[in-house]
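Asker: The structure file start00.tsv (TSV, C-alpha atoms and all ligand atoms) is provided below.
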chain	number	residue	atom	x	y	z
Q	44	VAL	CA	0.00	0.00	0.00
Q	45	GLN	CA	1.40	3.32	-0.92
Q	46	ARG	CA	0.96	5.85	1.82
Q	47	LYS	CA	0.35	9.42	0.94
Q	48	MET	CA	3.26	11.59	2.09
Q	49	SER	CA	0.89	14.13	3.51
Q	50	THR	CA	-0.52	11.72	6.09
Q	51	LEU	CA	2.85	10.96	7.62
Q	52	PRO	CA	4.01	12.75	10.77
Q	53	ARG	CA	5.93	15.90	9.92
Q	54	VAL	CA	9.42	16.38	11.24
Q	55	TYR	CA	11.77	19.34	11.08
Q	56	ILE	CA	15.52	18.73	11.28
Q	57	THR	CA	17.49	21.81	12.24
Q	58	ARG	CA	20.76	20.79	10.58
Q	59	GLN	CA	22.13	18.63	7.84
Q	60	ILE	CA	22.87	15.78	10.24
Q	61	PRO	CA	25.33	12.98	9.28
Q	62	PRO	CA	24.05	10.50	6.67
Q	63	GLU	CA	23.28	7.54	8.99
Q	64	GLY	CA	20.41	9.32	10.68
Q	65	LEU	CA	18.92	10.70	7.50
Q	66	LYS	CA	19.07	7.22	5.95
Q	67	ILE	CA	17.17	5.75	8.88
Q	68	LEU	CA	14.47	8.39	8.63
Q	69	ARG	CA	14.17	8.01	4.86
Q	70	GLN	CA	14.09	4.23	4.91
Q	71	SER	CA	11.58	4.07	7.74
Q	72	GLY	CA	8.86	5.48	5.53
Q	73	GLU	CA	7.28	6.65	8.77
Q	74	VAL	CA	7.89	10.37	8.60
Q	75	GLN	CA	8.09	13.20	6.15
Q	76	PHE	CA	10.85	15.59	6.97
Q	77	GLU	CA	12.19	18.93	6.04
Q	78	LEU	CA	15.70	19.97	7.00
Q	79	TRP	CA	17.86	23.05	7.22
Q	80	ASP	CA	20.16	21.84	4.49
Q	81	SER	CA	23.44	23.19	5.82
Q	82	ASP	CA	26.06	22.19	8.32
Q	83	ASP	CA	27.98	25.46	8.15
Q	84	THR	CA	25.38	27.74	9.64
Q	85	PRO	CA	22.62	27.07	12.12
Q	86	VAL	CA	19.09	27.73	10.98
Q	87	PRO	CA	18.27	31.39	11.69
Q	88	ARG	CA	15.89	31.66	14.61
Q	89	LYS	CA	13.18	33.37	12.57
Q	90	GLU	CA	13.30	30.66	9.94
Q	91	LEU	CA	13.24	27.97	12.62
Q	92	LEU	CA	10.18	29.48	14.29
Q	93	LYS	CA	8.44	29.44	10.94
Q	94	ARG	CA	9.49	25.93	9.94
Q	95	VAL	CA	8.43	24.19	13.14
Q	96	LYS	CA	4.85	25.30	12.86
Q	97	GLY	CA	2.61	22.25	13.15
Q	98	VAL	CA	5.38	19.63	13.22
Q	99	ASP	CA	5.02	16.36	15.11
Q	100	GLY	CA	8.72	15.91	15.71
Q	101	LEU	CA	11.86	17.97	15.92
Q	102	VAL	CA	15.46	16.81	15.51
Q	103	CYS	CA	17.88	19.42	16.76
Q	104	VAL	CA	21.49	19.98	17.70
Q	105	LEU	CA	22.97	22.01	20.53
Q	106	THR	CA	22.83	25.34	18.73
Q	107	GLU	CA	19.04	25.50	18.90
Q	108	LYS	CA	17.40	26.82	22.04
Q	109	VAL	CA	14.30	24.75	22.55
Q	110	ASP	CA	12.33	27.03	24.82
Q	111	ALA	CA	8.77	28.21	25.36
Q	112	GLU	CA	8.93	30.49	22.33
Q	113	LEU	CA	9.93	27.67	20.02
Q	114	LEU	CA	7.47	25.19	21.50
Q	115	ASP	CA	4.66	27.71	21.17
Q	116	ALA	CA	5.65	28.33	17.58
Q	117	ALA	CA	5.54	24.59	16.93
Q	118	GLY	CA	2.14	24.21	18.52
Q	119	PRO	CA	0.26	21.28	20.02
Q	120	ASN	CA	1.17	18.66	17.41
Q	121	LEU	CA	4.72	18.47	18.67
Q	122	LYS	CA	5.20	15.19	20.53
Q	123	VAL	CA	8.90	14.45	20.33
Q	124	VAL	CA	12.11	16.45	20.46
Q	125	SER	CA	15.22	14.46	19.65
Q	126	THR	CA	18.55	16.18	20.16
Q	127	MET	CA	21.73	14.92	18.55
Q	128	SER	CA	23.76	15.55	21.70
Q	129	VAL	CA	24.31	14.19	25.15
Q	130	GLY	CA	24.15	17.71	26.60
Q	131	PHE	CA	20.67	19.09	27.15
Q	132	ASP	CA	21.30	22.59	28.49
Q	133	HIS	CA	19.84	24.01	25.25
Q	134	LEU	CA	16.49	22.39	26.06
Q	135	SER	CA	14.03	23.90	28.52
Q	136	LEU	CA	13.06	20.65	30.16
Q	137	ASP	CA	10.36	22.30	32.27
Q	138	GLU	CA	8.62	23.70	29.23
Q	139	LEU	CA	8.85	20.35	27.45
Q	140	LYS	CA	7.45	18.53	30.45
Q	141	LYS	CA	4.60	21.00	30.82
Q	142	ARG	CA	3.54	20.19	27.28
Q	143	GLY	CA	4.04	16.44	27.62
Q	144	ILE	CA	6.70	16.42	24.91
Q	145	ARG	CA	9.10	13.48	25.05
Q	146	VAL	CA	12.80	14.11	24.73
Q	147	GLY	CA	15.48	11.90	23.22
Q	148	TYR	CA	19.26	12.46	23.50
Q	149	THR	CA	22.45	10.65	22.58
Q	150	PRO	CA	24.51	9.47	25.57
Q	151	ASP	CA	26.92	6.50	25.49
Q	152	VAL	CA	27.66	6.54	21.76
Q	153	LEU	CA	30.02	9.48	22.22
Q	154	THR	CA	31.71	8.39	25.45
Q	155	ASP	CA	34.78	6.89	23.76
Q	156	SER	CA	35.43	9.79	21.42
Q	157	VAL	CA	34.96	12.39	24.15
Q	158	ALA	CA	37.24	10.48	26.52
Q	159	GLU	CA	39.92	10.14	23.83
Q	160	LEU	CA	39.81	13.84	23.04
Q	161	THR	CA	39.91	14.75	26.73
Q	162	VAL	CA	43.08	12.73	27.18
Q	163	ALA	CA	44.55	14.33	24.06
Q	164	LEU	CA	43.68	17.81	25.33
Q	165	LEU	CA	45.06	17.05	28.77
Q	166	LEU	CA	48.40	15.92	27.39
Q	167	THR	CA	48.50	18.75	24.86
Q	168	THR	CA	48.01	21.24	27.67
Q	169	SER	CA	50.24	19.67	30.31
Q	170	ARG	CA	53.11	18.99	27.89
Q	171	ARG	CA	52.66	22.34	26.14
Q	172	LEU	CA	52.44	20.84	22.66
Q	173	ILE	CA	50.90	23.86	20.94
Q	174	GLU	CA	53.60	26.16	22.29
Q	175	ALA	CA	56.22	23.58	21.34
Q	176	THR	CA	55.19	23.20	17.69
Q	177	HIS	CA	54.92	26.98	17.44
Q	178	GLU	CA	58.46	27.44	18.77
Q	179	ALA	CA	59.80	24.72	16.50
Q	180	LYS	CA	58.50	26.32	13.34
Q	181	THR	CA	59.03	29.98	14.18
Q	182	GLY	CA	62.69	29.96	15.15
Q	183	GLY	CA	62.31	29.65	18.91
Q	184	TRP	CA	64.08	26.30	18.84
Q	185	GLY	CA	67.67	27.07	19.83
Q	186	THR	CA	69.89	24.60	21.57
Q	187	TRP	CA	68.45	21.82	23.70
Q	188	ARG	CA	67.70	23.45	27.03
Q	189	THR	CA	67.27	21.92	30.44
Q	190	LEU	CA	64.03	23.52	31.55
Q	191	TRP	CA	62.64	24.83	28.28
Q	192	LEU	CA	59.02	23.91	27.62
Q	193	CYS	CA	58.81	21.76	30.70
Q	194	GLY	CA	55.37	20.67	31.72
Q	195	TYR	CA	53.72	18.32	34.17
Q	196	GLU	CA	53.42	14.55	34.08
Q	197	LEU	CA	50.61	12.18	34.87
Q	198	ALA	CA	52.82	9.62	36.58
Q	199	ASN	CA	52.25	9.78	40.34
Q	200	SER	CA	49.64	12.50	39.97
Q	201	THR	CA	46.20	12.95	41.47
Q	202	VAL	CA	43.47	13.33	38.88
Q	203	GLY	CA	40.21	14.94	39.97
Q	204	ILE	CA	36.92	14.47	38.16
Q	205	LEU	CA	34.19	17.05	38.64
Q	206	GLY	CA	30.95	15.17	37.92
Q	207	LEU	CA	31.43	11.43	37.69
Q	208	GLY	CA	29.39	9.82	34.95
Q	209	ARG	CA	30.13	7.58	31.99
Q	210	ILE	CA	32.55	10.06	30.47
Q	211	GLY	CA	34.50	10.63	33.67
Q	212	VAL	CA	34.92	6.89	34.11
Q	213	ALA	CA	36.05	6.49	30.49
Q	214	ILE	CA	38.63	9.26	30.92
Q	215	ALA	CA	39.98	7.70	34.12
Q	216	GLU	CA	40.22	4.28	32.49
Q	217	ARG	CA	42.37	5.79	29.76
Q	218	LEU	CA	44.53	7.79	32.16
Q	219	ALA	CA	45.19	4.94	34.59
Q	220	PRO	CA	47.90	3.33	32.40
Q	221	PHE	CA	49.85	6.60	32.63
Q	222	LYS	CA	50.52	5.60	36.25
Q	223	VAL	CA	48.16	8.06	37.90
Q	224	LYS	CA	48.54	7.65	41.67
Q	225	LYS	CA	45.01	8.49	42.70
Q	226	PHE	CA	41.63	9.35	41.23
Q	227	ILE	CA	39.27	11.53	43.23
Q	228	TYR	CA	35.87	12.88	42.26
Q	229	THR	CA	33.04	14.99	43.45
Q	230	ASP	CA	29.37	15.04	42.55
Q	231	VAL	CA	26.08	15.88	44.23
Q	232	VAL	CA	26.14	12.42	45.81
Q	233	PRO	CA	28.76	9.65	45.89
Q	234	ARG	CA	28.55	7.29	42.91
Q	235	PRO	CA	30.07	4.12	44.37
Q	236	GLU	CA	29.27	1.88	41.41
Q	237	LEU	CA	30.94	4.09	38.85
Q	238	ALA	CA	33.74	5.03	41.24
Q	239	SER	CA	34.64	1.44	42.06
Q	240	ALA	CA	35.39	0.75	38.38
Q	241	ILE	CA	38.23	3.28	38.54
Q	242	ASN	CA	39.03	3.10	42.23
Q	243	ALA	CA	38.12	6.74	42.75
Q	244	GLU	CA	37.62	8.36	46.11
Q	245	TYR	CA	34.69	10.70	46.78
Q	246	VAL	CA	35.77	14.10	48.11
Q	247	SER	CA	34.24	17.54	48.57
Q	248	LEU	CA	34.61	20.17	45.84
Q	249	ASP	CA	37.03	21.92	48.16
Q	250	GLU	CA	39.26	18.86	48.45
Q	251	LEU	CA	38.99	18.21	44.73
Q	252	SER	CA	40.32	21.70	44.04
Q	253	LYS	CA	43.12	21.37	46.59
Q	254	GLN	CA	44.32	17.88	45.75
Q	255	SER	CA	44.00	17.61	41.98
Q	256	ASP	CA	47.11	17.91	39.82
Q	257	PHE	CA	44.76	17.55	36.88
Q	258	LEU	CA	41.16	18.63	37.31
Q	259	THR	CA	38.83	17.53	34.57
Q	260	VAL	CA	35.25	18.71	34.35
Q	261	CYS	CA	32.76	16.08	33.21
Q	262	CYS	CA	29.42	17.30	34.56
Q	263	SER	CA	26.34	18.52	32.71
Q	264	LEU	CA	25.57	22.21	32.70
Q	265	THR	CA	22.58	22.80	34.97
Q	266	PRO	CA	21.58	25.73	37.20
Q	267	GLU	CA	23.55	23.97	39.99
Q	268	THR	CA	26.77	23.66	38.00
Q	269	LYS	CA	26.69	27.05	36.27
Q	270	GLU	CA	30.06	28.74	36.84
Q	271	ILE	CA	30.94	26.21	39.52
Q	272	CYS	CA	34.54	26.65	38.37
Q	273	ASN	CA	35.16	30.15	39.60
Q	274	ARG	CA	37.68	32.20	41.55
Q	275	ASN	CA	36.84	30.30	44.69
Q	276	LEU	CA	37.76	26.97	43.06
Q	277	PHE	CA	40.80	28.20	41.13
Q	278	SER	CA	42.22	29.91	44.21
Q	279	LYS	CA	42.37	26.56	46.01
Q	280	MET	CA	44.12	24.77	43.16
Q	281	LYS	CA	47.89	24.27	43.16
Q	282	ASN	CA	49.84	26.53	40.87
Q	283	THR	CA	51.18	23.41	39.19
Q	284	SER	CA	47.69	22.10	38.30
Q	285	ILE	CA	46.07	21.74	34.93
Q	286	PHE	CA	42.37	22.43	34.41
Q	287	ILE	CA	40.51	20.63	31.62
Q	288	ASN	CA	36.94	21.19	30.45
Q	289	THR	CA	35.22	19.13	27.77
Q	290	SER	CA	31.68	19.52	29.18
Q	291	ARG	CA	30.10	22.93	28.69
Q	292	GLY	CA	31.64	26.38	28.80
Q	293	GLY	CA	28.93	27.59	31.16
Q	294	VAL	CA	30.37	25.63	34.08
Q	295	VAL	CA	33.33	28.01	34.09
Q	296	ASN	CA	33.53	31.66	35.01
Q	297	GLN	CA	35.88	32.64	32.20
Q	298	GLU	CA	37.01	35.92	33.75
Q	299	ASP	CA	38.07	34.06	36.86
Q	300	LEU	CA	39.81	31.46	34.73
Q	301	PHE	CA	41.65	34.16	32.81
Q	302	GLU	CA	42.84	35.64	36.06
Q	303	ALA	CA	43.94	32.26	37.44
Q	304	LEU	CA	45.89	31.52	34.26
Q	305	SER	CA	47.45	34.92	33.78
Q	306	THR	CA	48.58	35.27	37.40
Q	307	GLY	CA	50.01	31.76	37.57
Q	308	GLN	CA	47.43	30.67	40.12
Q	309	ILE	CA	47.11	27.50	38.02
Q	310	ALA	CA	49.56	26.16	35.42
Q	311	GLY	CA	47.33	25.69	32.42
Q	312	ALA	CA	43.90	25.04	31.01
Q	313	GLY	CA	42.57	23.02	28.10
Q	314	LEU	CA	39.09	23.94	26.97
Q	315	ASP	CA	36.98	22.28	24.31
Q	316	VAL	CA	33.98	24.40	25.26
Q	317	THR	CA	33.55	28.10	25.92
Q	318	VAL	CA	30.99	30.86	26.28
Q	319	PRO	CA	30.11	31.93	23.70
Q	320	GLU	CA	30.81	29.47	20.92
Q	321	PRO	CA	32.57	30.32	18.75
Q	322	LEU	CA	34.77	32.25	21.17
Q	323	PRO	CA	35.58	35.60	19.48
Q	324	ILE	CA	39.15	35.56	18.19
Q	325	ASN	CA	39.95	38.70	20.20
Q	326	HIS	CA	38.95	37.02	23.46
Q	327	PRO	CA	41.60	37.46	26.21
Q	328	LEU	CA	41.85	33.69	26.74
Q	329	PHE	CA	43.33	33.39	23.24
Q	330	THR	CA	46.24	35.60	24.28
Q	331	LEU	CA	47.45	33.12	26.89
Q	332	LYS	CA	50.13	30.57	26.05
Q	333	ASN	CA	48.98	28.34	28.87
Q	334	CYS	CA	45.44	28.04	27.56
Q	335	VAL	CA	44.64	25.56	24.80
Q	336	ILE	CA	41.28	26.18	23.17
Q	337	LEU	CA	39.55	23.75	20.84
Q	338	PRO	CA	36.36	24.48	18.89
Q	339	HIS	CA	34.01	21.99	20.64
Q	340	ILE	CA	35.25	18.84	18.88
Q	341	ALA	CA	35.27	16.23	21.64
Q	342	SER	CA	32.73	13.97	19.93
Q	343	ALA	CA	33.96	14.77	16.43
Q	344	THR	CA	34.84	11.42	14.91
Q	345	TYR	CA	33.05	10.05	11.86
Q	346	THR	CA	31.97	6.95	13.75
Q	347	THR	CA	30.58	8.84	16.72
Q	348	ARG	CA	28.83	11.59	14.84
Q	349	ASN	CA	27.11	9.01	12.63
Q	350	ALA	CA	26.16	6.99	15.70
Q	351	MET	CA	24.73	10.12	17.30
Q	352	SER	CA	22.80	10.88	14.15
Q	353	ALA	CA	21.43	7.32	13.97
Q	354	LEU	CA	20.47	7.33	17.64
Q	355	ALA	CA	18.73	10.69	17.30
Q	356	ALA	CA	16.77	9.34	14.31
Q	357	ASN	CA	15.81	6.14	16.09
Q	358	ASN	CA	14.79	7.99	19.25
Q	359	LEU	CA	12.57	10.21	17.15
Q	360	LEU	CA	10.88	7.33	15.33
Q	361	LEU	CA	10.28	5.38	18.54
Q	362	GLY	CA	8.92	8.46	20.24
Q	363	LEU	CA	6.54	9.19	17.42
Q	364	ARG	CA	5.32	5.58	17.53
Q	365	GLY	CA	4.64	6.02	21.23
Q	366	GLU	CA	7.25	3.42	22.13
Q	367	PRO	CA	10.11	3.73	24.63
Q	368	MET	CA	13.07	5.49	23.09
Q	369	ILE	CA	16.56	3.99	23.16
Q	370	LYS	CA	17.79	6.99	25.15
Q	371	GLU	CA	15.15	9.24	26.62
Q	372	ILE	CA	15.40	12.00	29.19
Q	373	LYS	CA	12.92	10.89	31.81
Q	374	GLN	CA	11.51	13.70	33.86
Q	401	LIG	C1	27.08	16.86	23.16
Q	401	LIG	O1	26.69	15.84	22.60
Q	401	LIG	O2	26.45	17.39	24.05
Q	401	LIG	C2	28.40	17.42	22.75
Q	401	LIG	O3	28.70	18.61	23.33
Q	401	LIG	C3	28.52	17.49	21.26
Q	401	LIG	O4	28.71	16.20	20.88
Let me see the file written as structure tokens.
Answerer:
Amino acid sequence: VQRKMSTLPRVYITRQIPPEGLKILRQSGEVQFELWDSDDTPVPRKELLKRVKGVDGLVCVLTEKVDAELLDAAGPNLKVVSTMSVGFDHLSLDELKKRGIRVGYTPDVLTDSVAELTVALLLTTSRRLIEATHEAKTGGWGTWRTLWLCGYELANSTVGILGLGRIGVAIAERLAPFKVKKFIYTDVVPRPELASAINAEYVSLDELSKQSDFLTVCCSLTPETKEICNRNLFSKMKNTSIFINTSRGGVVNQEDLFEALSTGQIAGAGLDVTVPEPLPINHPLFTLKNCVILPHIASATYTTRNAMSALAANNLLLGLRGEPMIKEIKQ
């Protein structure tokens, strides 16, 4: 039986998502979709508000604020929002809940790629690789020098994890073979099951700041974690410590971080996330040699981005069928 396109649930996709997800949606024959056919620019807000009118489902990425305005523009048909991200700080969960809209997201499939990138960023920052390649190619490389470009090593260090979830565990598993002496973590409550996998000790945020030689942020951005990394935290850190953030820029007070880095309060920082994104090229943090800034690429591998795309598509289809999603934010 050939179904008329017009009877199928309507879906708007806010970005040209990787091919796996689009293939799943096309082959399902269960939805008709329209997409913002670009990966270079996000859909302009005005256009988005227009396009979502009357849709049953929405597939979005982290650049779209899904708030009351957008949900009102979509109207009462909207049943499912599926974001191609593990982070959900761009979604107003309260507003979604109020309207009974189900929400899918993409945890797990990006854990490996994010953990790999976090380790890469940590080593890049602690061993000053960006400075080193710059010196090598711009004439700064004179004779071999005894303390030139020295950094800090993982062997015998204490690694602190702020927010212990899947990603924090995956990072610790990868760092352990570097002979880390001790893993410590903090969170709203102890997470003994996750912690036991990596032999991590639960400590207060205060102790985490004081003890960590490497402090890596792995929590979600929520009202509770907003700017949790601020002057108060940096001032307790050792001036030989390295700060790493691959979660969300909003967990850091960037002015305080700038001050901590520029005064030598801490040794270095590696950031994959900032506020805003992109970070303007004239931002003070870019002037610091001891700050490595990446353009939010932690999950950027072909395998992972396709897996995220596929999971977002499958979550959407399941949600529209009224079935349990593979990964759903339960509220
Ligand atoms: C996410 O999924 O939330 C990341 O920030 C992008 O992969």
Asker: Taking (4.3, 14.1, 34.8) in the coordinates of the supplied file, I want to know which residues reach to within 10 Å of it, counting all atoms listed in the file; could you give the answer as an NGL selection string?
Answerer: :Q and (140-143 or 373-374)
Asker: How many Å lie between CA of Arg364 in chain Q and CA of Asn349 in chain Q, rounded to one decimal?
Answerer: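 CA of Asn349 in chain Q lies at a distance of 22.6 Å from CA of Arg364 in chain Q.
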Asker: What are the closest atom pairs, with distances in Å to one decimal, for all residues of chain Q lying within 7 Å of ligand LIG 401 (chain Q)? Consider all atoms listed in the file, order rows by chain and residue number, and present the result as a Markdown table.
Answerer:
| residue | atom | partner | partner_atom | distance |
| --- | --- | --- | --- | --- |
| Q:Leu105 | CA | Q:LIG401 | O2 | 6.8 |
| Q:Met127 | CA | Q:LIG401 | O1 | 6.5 |
| Q:Ser128 | CA | Q:LIG401 | O1 | 3.1 |
| Q:Val129 | CA | Q:LIG401 | O1 | 3.9 |
| Q:Gly130 | CA | Q:LIG401 | O2 | 3.4 |
| Q:Phe131 | CA | Q:LIG401 | O2 | 6.8 |
| Q:Thr149 | CA | Q:LIG401 | O1 | 6.7 |
| Q:Leu153 | CA | Q:LIG401 | O4 | 7.0 |
| Q:Ser290 | CA | Q:LIG401 | O3 | 6.6 |
| Q:His339 | CA | Q:LIG401 | O3 | 6.8 |
| Q:Ala341 | CA | Q:LIG401 | O4 | 6.6 |
| Q:Ser342 | CA | Q:LIG401 | O4 | 4.7 |
Asker: I'd like the neighbourhood of Val146 in chain Q as a PDB file with C-alpha atoms, in the frame of the given file, where a residue qualifies if any of its atoms comes within 6 Å (using only C-alpha atoms), though same-chain residues fewer than 4 positions away should be ignored.
Answerer:
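Full text of part_17.pdb as output:
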ATOM      1  CA  VAL Q 123       8.900  14.450  20.330  1.00  0.00           C
ATOM      2  CA  VAL Q 124      12.110  16.450  20.460  1.00  0.00           C
ATOM      3  CA  SER Q 125      15.220  14.460  19.650  1.00  0.00           C
ATOM      4  CA  GLU Q 371      15.150   9.240  26.620  1.00  0.00           C
ATOM      5  CA  ILE Q 372      15.400  12.000  29.190  1.00  0.00           C
TER       6      ILE Q 372
END
Asker: Taking into account only C-alpha atoms, which residue in the set Q:Gly183, Q:Gly64, Q:Thr154, Q:Leu264 is nearest to Leu134 in chain Q?
Answerer: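 The answer is Q:Leu264, which sits nearest to Leu134 in chain Q.
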Asker: To one decimal place, how far is CA of Leu121 in chain Q from CA of Val98 in chain Q in Å?
Answerer: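 Separation of CA of Leu121 in chain Q and CA of Val98 in chain Q: 5.6 Å.
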Asker: Please determine, counting all atoms listed in the file, which residue among Q:Pro52, Q:Pro233, Q:Pro61, Q:Pro220 has the shortest atom-to-atom distance to Thr344 in chain Q.
Answerer: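 Answer, going by the shortest atom-to-atom distance: Q:Pro61.
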Asker: Using all atoms listed in the file, which of the listed residues (Q:Gly211, Q:Pro327, Q:Gly118, Q:Gly185) sits closest to Arg94 in chain Q?
Answerer: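 Comparing Q:Gly211, Q:Pro327, Q:Gly118, Q:Gly185 against Arg94 in chain Q, the winner is Q:Gly118.
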Asker: Excluding Arg274 in chain Q and residues on its chain fewer than 4 positions from it, collect all residues at most 10 Å away from it, counting all atoms listed in the file, and give them as a PyMOL selection string.
Answerer: chain Q and resi 270+278-280+295-303+308
Asker: Keeping C-alpha atoms for every residue in the selection just given, could you write it to a file as a PDB file, keeping the file's coordinate frame?
Answerer:
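Saved file part30.pdb follows:
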ATOM      1  CA  GLU Q 270      30.060  28.740  36.840  1.00  0.00           C
ATOM      2  CA  SER Q 278      42.220  29.910  44.210  1.00  0.00           C
ATOM      3  CA  LYS Q 279      42.370  26.560  46.010  1.00  0.00           C
ATOM      4  CA  MET Q 280      44.120  24.770  43.160  1.00  0.00           C
ATOM      5  CA  VAL Q 295      33.330  28.010  34.090  1.00  0.00           C
ATOM      6  CA  ASN Q 296      33.530  31.660  35.010  1.00  0.00           C
ATOM      7  CA  GLN Q 297      35.880  32.640  32.200  1.00  0.00           C
ATOM      8  CA  GLU Q 298      37.010  35.920  33.750  1.00  0.00           C
ATOM      9  CA  ASP Q 299      38.070  34.060  36.860  1.00  0.00           C
ATOM     10  CA  LEU Q 300      39.810  31.460  34.730  1.00  0.00           C
ATOM     11  CA  PHE Q 301      41.650  34.160  32.810  1.00  0.00           C
ATOM     12  CA  GLU Q 302      42.840  35.640  36.060  1.00  0.00           C
ATOM     13  CA  ALA Q 303      43.940  32.260  37.440  1.00  0.00           C
ATOM     14  CA  GLN Q 308      47.430  30.670  40.120  1.00  0.00           C
TER      15      GLN Q 308
END
Asker: Need to verify the contact set: Glu159 in chain Q, 12 Å, all atoms listed in the file, exclusion of same-chain residues closer than 4 positions in sequence. Can you return it as a PyMOL selection string?
Answerer: chain Q and resi 153-155+163-166+210-218+289+340-344+347
Asker: At a cut-off of 6 Å, using only C-alpha atoms, what residues contact range 201-203 of chain Q? Leave out same-chain residues fewer than 3 positions from it and give the result as a list in words.
Answerer: Lys224, Lys225, Phe226, Ile227, Tyr228, Leu251, Ser255, Asp256, Phe257 and Leu258 of chain Q
Asker: Just give me the gap between CA of Lys370 in chain Q and CA of Arg209 in chain Q in Å, one decimal is fine.
Answerer: 14.1 Å
Asker: Given the choices Q:Arg188, Q:Lys122, Q:Arg145, Q:Lys89, which gets closest to Glu107 in chain Q if the distance is worked out from all atoms listed in the file?
Answerer: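 Residue with the minimum atom-to-atom distance to Glu107 in chain Q: Q:Lys89.
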Asker: Using only C-alpha atoms, can you tell me which of Q:Val95, Q:Ala179, Q:Leu354, Q:Leu363 comes closest to Ile60 in chain Q?
Answerer: Q:Leu354
Asker: Which residue out of Q:Lys281, Q:Lys108, Q:His326, Q:Arg58 has the minimum interatomic distance to Val86 in chain Q when all atoms listed in the file are used?
Answerer: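 Distance minimum relative to Val86 in chain Q lands on Q:Arg58.
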Asker: Save range 49-84 of chain Q to a file: C-alpha atoms, as a PDB file, in the first residue's frame.
Answerer:
ATOM      1  CA  SER Q  49       0.889  14.125   3.509  1.00  0.00           C
ATOM      2  CA  THR Q  50      -0.515  11.719   6.089  1.00  0.00           C
ATOM      3  CA  LEU Q  51       2.848  10.957   7.623  1.00  0.00           C
ATOM      4  CA  PRO Q  52       4.009  12.749  10.773  1.00  0.00           C
ATOM      5  CA  ARG Q  53       5.934  15.900   9.922  1.00  0.00           C
ATOM      6  CA  VAL Q  54       9.419  16.384  11.237  1.00  0.00           C
ATOM      7  CA  TYR Q  55      11.770  19.339  11.084  1.00  0.00           C
ATOM      8  CA  ILE Q  56      15.518  18.731  11.284  1.00  0.00           C
ATOM      9  CA  THR Q  57      17.494  21.814  12.238  1.00  0.00           C
ATOM     10  CA  ARG Q  58      20.756  20.793  10.576  1.00  0.00           C
ATOM     11  CA  GLN Q  59      22.132  18.631   7.836  1.00  0.00           C
ATOM     12  CA  ILE Q  60      22.869  15.784  10.238  1.00  0.00           C
ATOM     13  CA  PRO Q  61      25.329  12.982   9.278  1.00  0.00           C
ATOM     14  CA  PRO Q  62      24.054  10.498   6.674  1.00  0.00           C
ATOM     15  CA  GLU Q  63      23.284   7.541   8.989  1.00  0.00           C
ATOM     16  CA  GLY Q  64      20.407   9.322  10.685  1.00  0.00           C
ATOM     17  CA  LEU Q  65      18.922  10.695   7.496  1.00  0.00           C
ATOM     18  CA  LYS Q  66      19.072   7.224   5.945  1.00  0.00           C
ATOM     19  CA  ILE Q  67      17.167   5.746   8.884  1.00  0.00           C
ATOM     20  CA  LEU Q  68      14.470   8.391   8.626  1.00  0.00           C
ATOM     21  CA  ARG Q  69      14.171   8.007   4.862  1.00  0.00           C
ATOM     22  CA  GLN Q  70      14.091   4.231   4.908  1.00  0.00           C
ATOM     23  CA  SER Q  71      11.577   4.072   7.741  1.00  0.00           C
ATOM     24  CA  GLY Q  72       8.863   5.483   5.525  1.00  0.00           C
ATOM     25  CA  GLU Q  73       7.279   6.650   8.774  1.00  0.00           C
ATOM     26  CA  VAL Q  74       7.886  10.369   8.601  1.00  0.00           C
ATOM     27  CA  GLN Q  75       8.090  13.196   6.153  1.00  0.00           C
ATOM     28  CA  PHE Q  76      10.849  15.591   6.971  1.00  0.00           C
ATOM     29  CA  GLU Q  77      12.193  18.930   6.037  1.00  0.00           C
ATOM     30  CA  LEU Q  78      15.697  19.972   6.995  1.00  0.00           C
ATOM     31  CA  TRP Q  79      17.862  23.046   7.216  1.00  0.00           C
ATOM     32  CA  ASP Q  80      20.165  21.839   4.494  1.00  0.00           C
ATOM     33  CA  SER Q  81      23.443  23.189   5.816  1.00  0.00           C
ATOM     34  CA  ASP Q  82      26.064  22.191   8.319  1.00  0.00           C
ATOM     35  CA  ASP Q  83      27.978  25.462   8.153  1.00  0.00           C
ATOM     36  CA  THR Q  84      25.382  27.739   9.639  1.00  0.00           C
TER      37      THR Q  84
END
